[in-house]
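The next block is entry_24.csv, given as CSV, C-alpha atoms.
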chain,number,residue,atom,x,y,z
A,1,MET,CA,41.0,14.1,-14.9
A,2,ASN,CA,38.2,16.7,-15.5
A,3,LEU,CA,34.5,16.9,-15.5
A,4,LYS,CA,34.3,16.9,-19.3
A,5,GLN,CA,35.9,13.5,-19.4
A,6,LEU,CA,33.5,12.2,-16.7
A,7,THR,CA,30.5,13.7,-18.5
A,8,SER,CA,31.6,12.1,-21.8
A,9,LEU,CA,32.1,8.7,-20.0
A,10,ILE,CA,28.5,8.8,-18.6
A,11,ALA,CA,27.0,9.9,-21.9
A,12,VAL,CA,28.6,7.0,-23.7
A,13,ALA,CA,27.5,4.5,-21.0
A,14,GLU,CA,23.9,5.9,-21.2
A,15,ASN,CA,23.7,5.8,-25.0
A,16,ASN,CA,24.4,2.0,-25.3
A,17,PHE,CA,28.1,2.6,-25.9
A,18,SER,CA,27.4,4.7,-29.0
A,19,ILE,CA,29.9,7.5,-29.3
A,20,SER,CA,27.9,9.1,-32.1
A,21,HIS,CA,24.7,9.3,-29.9
A,22,ALA,CA,26.8,10.5,-26.9
A,23,ALA,CA,28.3,13.2,-29.1
A,24,GLU,CA,24.8,14.3,-30.2
A,25,GLN,CA,23.6,14.4,-26.6
A,26,LEU,CA,26.6,16.5,-25.5
A,27,HIS,CA,26.6,18.7,-28.6
A,28,MET,CA,30.1,17.7,-29.4
A,29,VAL,CA,31.8,16.0,-32.4
A,30,GLN,CA,32.5,12.3,-32.2
A,31,SER,CA,36.3,12.7,-32.3
A,32,ALA,CA,36.1,15.0,-29.2
A,33,VAL,CA,34.2,12.4,-27.2
A,34,SER,CA,36.6,9.7,-28.3
A,35,GLN,CA,39.5,11.9,-27.3
A,36,GLN,CA,38.0,12.5,-23.8
A,37,ILE,CA,37.5,8.8,-23.2
A,38,SER,CA,41.0,7.9,-24.4
A,39,ARG,CA,42.6,10.6,-22.2
A,40,LEU,CA,40.6,9.3,-19.2
A,41,GLU,CA,41.7,5.7,-19.8
A,42,GLU,CA,45.3,6.8,-20.3
A,43,GLU,CA,45.2,8.7,-17.0
A,44,ILE,CA,43.6,5.9,-15.0
A,45,GLY,CA,45.8,3.3,-16.6
A,46,THR,CA,43.1,0.8,-17.4
A,47,GLN,CA,40.5,0.1,-20.1
A,48,ILE,CA,37.0,1.3,-19.1
A,49,PHE,CA,35.2,-0.1,-22.1
A,50,ILE,CA,35.2,-3.5,-23.8
A,51,ARG,CA,36.0,-3.1,-27.5
A,52,LYS,CA,35.2,-5.1,-30.6
A,53,GLY,CA,37.4,-3.6,-33.3
A,54,LYS,CA,36.7,0.2,-33.2
A,55,ARG,CA,33.3,-0.2,-31.5
A,56,LEU,CA,32.6,-0.1,-27.8
A,57,SER,CA,30.5,-3.1,-26.7
A,58,GLY,CA,30.3,-2.8,-22.9
A,59,LEU,CA,32.0,-1.8,-19.7
A,60,SER,CA,34.9,-3.7,-18.3
A,61,PRO,CA,34.7,-4.8,-14.6
A,62,ALA,CA,36.8,-1.7,-13.6
A,63,GLY,CA,34.6,0.4,-16.0
A,64,GLU,CA,31.5,-0.5,-14.0
A,65,GLU,CA,33.0,0.9,-10.8
A,66,ILE,CA,34.4,3.9,-12.6
A,67,VAL,CA,31.1,4.9,-14.1
A,68,HIS,CA,29.5,4.5,-10.6
A,69,TYR,CA,32.0,7.0,-9.1
A,70,ALA,CA,31.7,9.3,-12.2
A,71,TYR,CA,28.0,9.7,-11.4
A,72,ARG,CA,28.8,10.5,-7.8
A,73,ALA,CA,31.5,13.0,-8.9
A,74,ILE,CA,29.1,14.9,-11.2
A,75,ALA,CA,26.4,14.8,-8.5
A,76,ASN,CA,28.8,16.2,-5.9
A,77,THR,CA,29.7,19.0,-8.3
A,78,ASN,CA,26.0,19.8,-8.6
A,79,SER,CA,25.7,19.8,-4.8
A,80,ILE,CA,28.5,22.4,-4.6
A,81,LEU,CA,26.6,24.6,-7.1
A,82,GLU,CA,23.4,24.1,-5.1
A,83,ILE,CA,25.1,25.3,-1.9
A,84,GLY,CA,26.1,28.5,-3.6
A,85,ARG,CA,22.5,29.1,-4.8
A,86,ASP,CA,21.2,28.7,-1.3
A,87,GLN,CA,23.8,31.1,0.1
A,88,ILE,CA,22.6,33.9,-2.3
A,89,ASN,CA,18.9,32.9,-1.7
A,90,GLN,CA,18.4,31.9,-5.3
A,91,VAL,CA,15.0,30.3,-5.0
A,92,GLU,CA,14.5,29.3,-8.6
A,93,GLY,CA,15.3,26.3,-10.9
A,94,LYS,CA,13.8,22.8,-11.0
A,95,LEU,CA,12.7,20.2,-8.5
A,96,ARG,CA,12.7,16.8,-10.1
A,97,ILE,CA,10.4,14.2,-8.4
A,98,GLY,CA,10.5,10.5,-9.4
A,99,ALA,CA,7.3,8.6,-8.6
A,100,THR,CA,5.2,5.6,-9.6
A,101,HIS,CA,1.8,6.3,-11.2
A,102,THR,CA,0.0,5.6,-7.9
A,103,GLN,CA,2.1,8.2,-6.0
A,104,ALA,CA,1.9,10.8,-8.8
A,105,GLN,CA,-1.9,10.4,-9.3
A,106,TYR,CA,-3.2,9.8,-5.8
A,107,ILE,CA,-0.7,11.2,-3.3
A,108,LEU,CA,1.3,14.0,-4.8
A,109,PRO,CA,-1.4,16.5,-6.0
A,110,PRO,CA,-2.0,18.2,-2.7
A,111,VAL,CA,1.8,18.2,-2.0
A,112,ILE,CA,2.5,19.7,-5.4
A,113,LYS,CA,-0.2,22.4,-4.9
A,114,ALA,CA,1.1,23.4,-1.4
A,115,PHE,CA,4.7,23.5,-2.6
A,116,SER,CA,3.9,25.6,-5.7
A,117,GLN,CA,2.2,28.1,-3.6
A,118,GLU,CA,5.3,28.5,-1.4
A,119,TYR,CA,7.8,28.3,-4.3
A,120,PRO,CA,6.2,29.8,-7.4
A,121,ASN,CA,9.5,30.2,-9.2
A,122,ILE,CA,10.5,26.5,-8.9
A,123,GLU,CA,9.5,24.4,-11.9
A,124,LEU,CA,8.3,21.0,-10.7
A,125,GLN,CA,9.0,17.9,-12.9
A,126,ILE,CA,7.4,14.5,-12.3
A,127,HIS,CA,9.4,11.6,-13.7
A,128,GLN,CA,7.3,8.5,-13.7
A,129,GLY,CA,8.8,5.0,-13.7
A,130,SER,CA,9.0,1.6,-12.1
A,131,PRO,CA,10.6,1.3,-8.6
A,132,LYS,CA,13.8,0.0,-10.1
A,133,GLN,CA,13.9,2.9,-12.5
A,134,LEU,CA,13.3,5.4,-9.7
A,135,VAL,CA,16.2,3.9,-7.7
A,136,ASN,CA,18.5,4.4,-10.7
A,137,LYS,CA,17.3,7.9,-11.3
A,138,ALA,CA,18.0,8.9,-7.7
A,139,ILE,CA,21.5,7.4,-7.5
A,140,HIS,CA,22.4,8.9,-10.8
A,141,ASP,CA,21.0,12.3,-9.8
A,142,GLU,CA,18.5,12.3,-12.6
A,143,VAL,CA,15.8,13.2,-10.0
A,144,ASP,CA,16.2,15.0,-6.7
A,145,LEU,CA,13.7,12.8,-4.8
A,146,SER,CA,12.1,9.4,-5.5
A,147,ILE,CA,8.9,8.2,-4.0
A,148,CYS,CA,7.7,4.6,-4.1
A,149,THR,CA,7.1,1.5,-2.0
A,150,GLU,CA,9.6,-1.1,-3.4
A,151,ALA,CA,13.4,-1.0,-3.7
A,152,LEU,CA,14.2,2.5,-2.3
A,153,GLY,CA,15.1,1.3,1.2
A,154,GLU,CA,17.4,-1.5,-0.1
A,155,HIS,CA,20.1,0.6,-1.9
A,156,PRO,CA,23.1,1.6,0.1
A,157,ASP,CA,23.6,4.8,-1.9
A,158,LEU,CA,20.3,6.2,-0.9
A,159,VAL,CA,18.9,7.9,2.2
A,160,SER,CA,15.3,6.7,2.5
A,161,ILE,CA,12.6,8.1,4.8
A,162,SER,CA,9.6,6.0,5.7
A,163,SER,CA,6.5,8.0,5.1
A,164,TYR,CA,3.3,6.1,5.5
A,165,ARG,CA,1.8,2.6,5.5
A,166,TRP,CA,-0.9,1.4,3.3
A,167,ASN,CA,-2.8,-1.8,2.4
A,168,ARG,CA,-5.2,-3.0,-0.2
A,169,VAL,CA,-8.8,-2.7,-1.0
A,170,LEU,CA,-11.1,-4.8,-3.3
A,171,ILE,CA,-13.1,-2.9,-5.9
A,172,ALA,CA,-16.0,-4.3,-7.8
A,173,ARG,CA,-19.1,-3.4,-9.7
A,174,PRO,CA,-22.1,-3.0,-7.3
A,175,ASP,CA,-23.8,-6.2,-8.6
A,176,HIS,CA,-20.7,-8.5,-8.1
A,177,PRO,CA,-21.6,-11.5,-5.8
A,178,ILE,CA,-18.4,-11.2,-3.7
A,179,LEU,CA,-19.9,-8.1,-2.1
A,180,ASN,CA,-22.6,-10.3,-0.5
A,181,LEU,CA,-19.9,-11.9,1.7
A,182,SER,CA,-19.7,-10.7,5.3
A,183,LEU,CA,-16.0,-11.6,5.4
A,184,ILE,CA,-13.8,-11.9,2.4
A,185,THR,CA,-11.0,-14.5,2.6
A,186,LEU,CA,-8.1,-15.5,0.3
A,187,GLU,CA,-10.1,-18.6,-0.7
A,188,GLN,CA,-13.0,-16.5,-1.8
A,189,LEU,CA,-10.8,-14.2,-3.8
A,190,CYS,CA,-9.4,-17.2,-5.7
A,191,LYS,CA,-12.9,-18.0,-6.9
A,192,HIS,CA,-13.1,-14.9,-9.0
A,193,PRO,CA,-11.0,-13.3,-11.9
A,194,ILE,CA,-8.7,-10.7,-10.5
A,195,VAL,CA,-7.3,-7.5,-12.0
A,196,THR,CA,-4.3,-6.1,-10.1
A,197,TYR,CA,-0.8,-4.7,-10.4
A,198,VAL,CA,2.0,-6.1,-12.5
A,199,TYR,CA,5.1,-7.4,-10.7
A,200,GLY,CA,7.5,-4.7,-9.6
A,201,PHE,CA,4.7,-2.2,-8.8
A,202,THR,CA,2.6,-1.3,-5.8
A,203,GLY,CA,3.3,-4.3,-3.6
A,204,ARG,CA,2.5,-7.0,-6.2
A,205,GLU,CA,5.3,-9.4,-4.9
A,206,VAL,CA,3.9,-9.2,-1.3
A,207,PHE,CA,0.4,-9.7,-2.6
A,208,SER,CA,1.4,-12.8,-4.5
A,209,ASP,CA,3.4,-14.2,-1.5
A,210,ALA,CA,0.3,-14.1,0.7
A,211,PHE,CA,-1.4,-16.5,-1.6
A,212,LYS,CA,1.7,-18.8,-1.9
A,213,GLN,CA,2.0,-19.0,1.8
A,214,ALA,CA,-1.6,-20.1,2.0
A,215,LEU,CA,-1.0,-22.7,-0.8
A,216,LEU,CA,-3.5,-20.9,-3.1
A,217,LYS,CA,-3.4,-19.7,-6.7
A,218,PRO,CA,-5.4,-16.6,-7.6
A,219,LYS,CA,-6.9,-16.1,-11.1
A,220,ILE,CA,-5.0,-13.1,-12.3
A,221,VAL,CA,-6.6,-12.2,-15.7
A,222,LEU,CA,-4.9,-8.9,-16.2
A,223,SER,CA,-2.2,-6.9,-14.5
A,224,ALA,CA,-1.1,-3.3,-15.0
A,225,ALA,CA,1.2,-0.7,-13.6
A,226,ASP,CA,-1.5,2.0,-13.7
A,227,THR,CA,-4.3,1.9,-11.2
A,228,ASP,CA,-6.7,3.7,-13.6
A,229,VAL,CA,-6.2,0.9,-16.1
A,230,ILE,CA,-7.2,-1.6,-13.4
A,231,LYS,CA,-10.3,0.4,-12.6
A,232,THR,CA,-11.2,0.6,-16.3
A,233,TYR,CA,-11.2,-3.2,-16.7
A,234,VAL,CA,-13.1,-3.8,-13.5
A,235,ARG,CA,-15.8,-1.4,-14.9
A,236,ASN,CA,-15.8,-3.4,-18.1
A,237,GLY,CA,-16.6,-6.6,-16.1
A,238,MET,CA,-13.2,-8.5,-16.4
A,239,GLY,CA,-13.2,-9.2,-12.7
A,240,ILE,CA,-12.7,-7.8,-9.3
A,241,GLY,CA,-9.8,-5.3,-8.7
A,242,ILE,CA,-7.3,-5.3,-5.9
A,243,ILE,CA,-5.6,-1.9,-5.6
A,244,ALA,CA,-3.7,0.2,-3.1
A,245,SER,CA,-6.1,1.7,-0.6
A,246,MET,CA,-5.2,5.3,-1.3
A,247,ALA,CA,-6.0,4.8,-4.9
A,248,TYR,CA,-9.8,4.5,-4.3
A,249,LYS,CA,-11.4,8.0,-4.5
A,250,LYS,CA,-15.0,8.1,-3.6
A,251,GLN,CA,-15.8,11.2,-5.5
A,252,HIS,CA,-14.4,9.7,-8.7
A,253,ASP,CA,-15.1,6.0,-8.1
A,254,SER,CA,-18.6,6.1,-6.8
A,255,ASP,CA,-19.7,3.5,-9.5
A,256,LEU,CA,-17.4,1.0,-7.8
A,257,VAL,CA,-17.9,-0.6,-4.4
A,258,PHE,CA,-14.8,-1.2,-2.2
A,259,ARG,CA,-14.0,-3.5,0.6
A,260,ASP,CA,-11.0,-3.3,3.0
A,261,LEU,CA,-8.6,-6.2,2.7
A,262,SER,CA,-6.1,-5.3,5.3
A,263,HIS,CA,-6.9,-8.4,7.3
A,264,LEU,CA,-5.5,-10.5,4.4
A,265,PHE,CA,-2.3,-8.8,3.5
A,266,PRO,CA,0.8,-7.3,5.2
A,267,TRP,CA,1.0,-3.6,5.4
A,268,GLU,CA,3.4,-1.8,3.0
A,269,THR,CA,5.6,1.2,3.6
A,270,THR,CA,6.1,4.0,1.1
A,271,LYS,CA,9.4,5.9,1.2
A,272,ILE,CA,10.9,9.1,-0.1
A,273,ALA,CA,14.6,8.9,-0.9
A,274,TYR,CA,17.5,10.8,-2.3
A,275,GLN,CA,21.2,10.2,-3.1
A,276,LYS,CA,23.2,9.8,0.1
A,277,ASP,CA,25.8,12.4,-0.7
A,278,LYS,CA,23.3,14.9,-2.1
A,279,TYR,CA,23.1,18.4,-0.7
A,280,LEU,CA,19.5,19.2,-0.2
A,281,ARG,CA,18.5,22.7,-0.9
A,282,ILE,CA,16.1,24.5,1.4
A,283,HIS,CA,13.1,24.1,-1.0
A,284,GLN,CA,14.0,20.4,-1.4
A,285,GLN,CA,13.9,19.9,2.3
A,286,ARG,CA,10.6,21.7,2.4
A,287,PHE,CA,9.1,19.4,-0.2
A,288,ILE,CA,10.0,16.4,2.0
A,289,GLU,CA,8.3,18.2,5.0
A,290,LEU,CA,5.2,18.9,3.0
A,291,PHE,CA,5.1,15.3,1.8
A,292,GLN,CA,5.4,13.9,5.3
A,293,LEU,CA,2.7,16.4,6.6
A,294,THR,CA,0.3,15.4,3.8
A,295,VAL,CA,0.6,11.7,4.2
A,296,SER,CA,0.1,11.9,8.0
A,297,ASP,CA,-3.5,12.8,7.1
A,298,LEU,CA,-4.0,9.5,5.2
A,299,LYS,CA,-5.2,7.6,8.2
A,300,ALA,CA,-8.5,6.8,6.5
A,301,VAL,CA,-6.7,4.6,4.0
A,302,SER,CA,-3.5,3.9,5.7
A,303,LYS,CA,-1.8,3.4,9.1
A,304,PRO,CA,0.7,5.7,10.8
A,305,LEU,CA,4.2,4.3,11.2
A,306,GLY,CA,4.5,2.2,14.3
A,307,TYR,CA,1.2,0.5,13.8
A,308,GLN,CA,1.2,-3.1,14.7
Rewrite the structure from the file as structure tokens, please.
Amino acid sequence: MNLKQLTSLIAVAENNFSISHAAEQLHMVQSAVSQQISRLEEEIGTQIFIRKGKRLSGLSPAGEEIVHYAYRAIANTNSILEIGRDQINQVEGKLRIGATHTQAQYILPPVIKAFSQEYPNIELQIHQGSPKQLVNKAIHDEVDLSICTEALGEHPDLVSISSYRWNRVLIARPDHPILNLSLITLEQLCKHPIVTYVYGFTGREVFSDAFKQALLKPKIVLSAADTDVIKTYVRNGMGIGIIASMAYKKQHDSDLVFRDLSHLFPWETTKIAYQKDKYLRIHQQRFIELFQLTVSDLKAVSKPLGYQ
């Protein structure tokens, strides 16, 4: 068994079981990729792929597990190389950060700036995605670190570090009648059209559960993964917006009025995570430190860990 076989296996699995697309990705001819797969199956003694004629249509049950360990083997090989680079003080290369839009837009800019000043020869890449996508990117070593609220703490192949807690705020145009209330309740929110996050992003499931537990049904007229999209439609008069507290920026959102809603919803925890077996280079460790230091200053819109 060799790394070329494992790389071919992963490429075929990632390209919807198309050997031609995998060969194109690997800059190989199709027959070479097929040969690598056949030799691997022969050595293991079992079929990795389900076949329909000459075509591959999926992974066998054993194949699912084999691909999982193939990803880990490639990641461990990369870790060995990273150890060598640290030993010769090779402070260059890439740092791949996976993040949701909210983290990339509202939390990461000061972290990225500070990191770039310390490590000018490291190219930073931000890979945006849904929480589920960010989990997969981290466990498959497609990113070095993933940052989001949902899913990261639930996967056994990831080390996750709790970073900060946040809640929600209401945003509305200054003339909206809900702003006349001295205390906003779930019942009052249900009387107005709401623009908020789509399921799978920025605590939407916890948000919806709060209404269900109160036997209430909010009027969700639009949902989006991008906070800036939510703000746009609130500005256009579609309704009130409910967004993550850290996503309201007074200098940019002065045309919208916000109200704290932390008395209505549970607090959420954002985490930063990486593959469990991954060797963290010195600059990767430093990024985590800078992230933790930056979010510790978010007390105006969040609560430090341990808050009850």
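As for CA of Ile10 in chain A and CA of His155 in chain A, they are spaced 20.4 Å apart.
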How many Å lie between CA of Ile37 in chain A and CA of Glu142 in chain A, rounded to one decimal?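 Calculated distance between CA of Ile37 in chain A and CA of Glu142 in chain A is 22.0 Å.
Note that CA of Gln213 in chain A and CA of Gly153 in chain A are 24.2 Å apart.
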Closest of A:Leu124, A:Cys148, A:Leu290, A:Ala22 to Gly203 in chain A - atom-to-atom distances counting only C-alpha atoms: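 Of the candidates, the smallest distance to Gly203 in chain A is held by A:Cys148.
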Residues at most 9 Å from Leu256 in chain A, counting all atoms listed in the file, excluding those fewer than 5 positions away in the same chain, as a ChimeraX atom specification? /A:171-174,231,234-235,250
Would you write out, as a tab-separated table, a table of all residues in range 117-170 of chain A that have an atom no more than 6 Å from an atom of range 93-109 of chain A, listing for each the closest atom pair and the distance in Å to one decimal, considering all atoms listed in the file and ordering rows by chain and rising residue number?
residue	atom	partner	partner_atom	distance
A:Ile122	CA	A:Gly93	CA	5.2
A:Glu123	CA	A:Lys94	CA	4.7
A:Leu124	CA	A:Leu95	CA	5.0
A:Gln125	CA	A:Arg96	CA	4.8
A:Ile126	CA	A:Ile97	CA	4.9
A:His127	CA	A:Gly98	CA	4.6
A:Gln128	CA	A:Ala99	CA	5.1
A:Gly129	CA	A:Thr100	CA	5.5
A:Leu134	CA	A:Gly98	CA	5.8
A:Val143	CA	A:Arg96	CA	4.8
A:Asp144	CA	A:Arg96	CA	5.2
A:Leu145	CA	A:Ile97	CA	5.1
A:Ser146	CA	A:Gly98	CA	4.4
A:Ile147	CA	A:Ala99	CA	4.9
Give me the residues within 10 Å of range 285-287 of chain A as a list in words, counting all atoms listed in the file and dropping any in the same chain fewer than 6 places off. Leu95, Ile97, Val111, Ile112, Ala114, Phe115, Ser116, Glu118, Tyr119, Leu145, Tyr279 and Leu293 of chain A
Write the residues you've just listed into a file as a short mmCIF file (atom, residue, chain, number, x, y, z; two decimals), in the coordinates of the input, and include C-alpha atoms for each of them.
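Output contents, as saved in again-v7.cif:
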data_model
loop_
_atom_site.label_atom_id
_atom_site.label_comp_id
_atom_site.auth_asym_id
_atom_site.auth_seq_id
_atom_site.Cartn_x
_atom_site.Cartn_y
_atom_site.Cartn_z
CA LEU A 95 12.70 20.20 -8.50
CA ILE A 97 10.40 14.20 -8.40
CA VAL A 111 1.80 18.20 -2.00
CA ILE A 112 2.50 19.70 -5.40
CA ALA A 114 1.10 23.40 -1.40
CA PHE A 115 4.70 23.50 -2.60
CA SER A 116 3.90 25.60 -5.70
CA GLU A 118 5.30 28.50 -1.40
CA TYR A 119 7.80 28.30 -4.30
CA LEU A 145 13.70 12.80 -4.80
CA TYR A 279 23.10 18.40 -0.70
CA LEU A 293 2.70 16.40 6.60
#
Looking at A:His140, A:Arg51, A:His27, A:Lys217, which one is nearest to Val67 in chain A, with distances taken over all atoms listed in the file?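 Going through A:His140, A:Arg51, A:His27, A:Lys217 one by one, the smallest distance to Val67 in chain A is for A:His140.
Using only C-alpha atoms, the protein and nucleic acid residues lying no more than 12 Å from His68 in chain A, apart from those fewer than 6 places from it along its own chain, are Leu6, Leu9, Ile10, Ala13, Ile48, Leu59, Pro61, Ala62, Ile74, Ala75, Asn136, Ile139, His140, Asp141 and Asp157 of chain A.
Across A:Ile240, A:Ile178, A:Pro131, A:Arg165, the tightest approach to Val198 in chain A is made by A:Pro131 when counting all atoms listed in the file.
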For His192 in chain A, which residue among A:Ser254, A:Ala244, A:Gln284, A:Leu170 is the nearest when counting all atoms listed in the file?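 Checking each candidate against His192 in chain A, we get A:Leu170 as the closest.
With distances restricted to only C-alpha atoms, A:Val195 is the closest residue to Tyr233 in chain A from A:Val195, A:Val206, A:Ile220, A:Leu158.
Between Gln275 in chain A and the residues A:Ser296, A:Gln117, A:Asn16, A:Ser79, the shortest atom-to-atom distance, using only C-alpha atoms, involves A:Ser79.
Excluding Ala224 in chain A itself and any same-chain residue fewer than 2 positions from it, the protein and nucleic acid residues within 10 Å of it, counting all atoms listed in the file, are Val195, Thr196, Tyr197, Val198, Tyr199, Phe201, Leu222, Asp226, Thr227, Asp228, Val229 and Ile230 of chain A.
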Could you write out that same residue set with C-alpha atoms as a PDB file, in the frame of the given file?
ATOM      1  CA  VAL A 195      -7.300  -7.500 -12.000  1.00  0.00           C
ATOM      2  CA  THR A 196      -4.300  -6.100 -10.100  1.00  0.00           C
ATOM      3  CA  TYR A 197      -0.800  -4.700 -10.400  1.00  0.00           C
ATOM      4  CA  VAL A 198       2.000  -6.100 -12.500  1.00  0.00           C
ATOM      5  CA  TYR A 199       5.100  -7.400 -10.700  1.00  0.00           C
ATOM      6  CA  PHE A 201       4.700  -2.200  -8.800  1.00  0.00           C
ATOM      7  CA  LEU A 222      -4.900  -8.900 -16.200  1.00  0.00           C
ATOM      8  CA  ASP A 226      -1.500   2.000 -13.700  1.00  0.00           C
ATOM      9  CA  THR A 227      -4.300   1.900 -11.200  1.00  0.00           C
ATOM     10  CA  ASP A 228      -6.700   3.700 -13.600  1.00  0.00           C
ATOM     11  CA  VAL A 229      -6.200   0.900 -16.100  1.00  0.00           C
ATOM     12  CA  ILE A 230      -7.200  -1.600 -13.400  1.00  0.00           C
TER      13      ILE A 230
END
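Near Val33 in chain A, within 7 Å and counting only C-alpha atoms, sit A:Ser8, A:Ile19, A:Ala23, not including residues fewer than 5 positions from it in the same chain.
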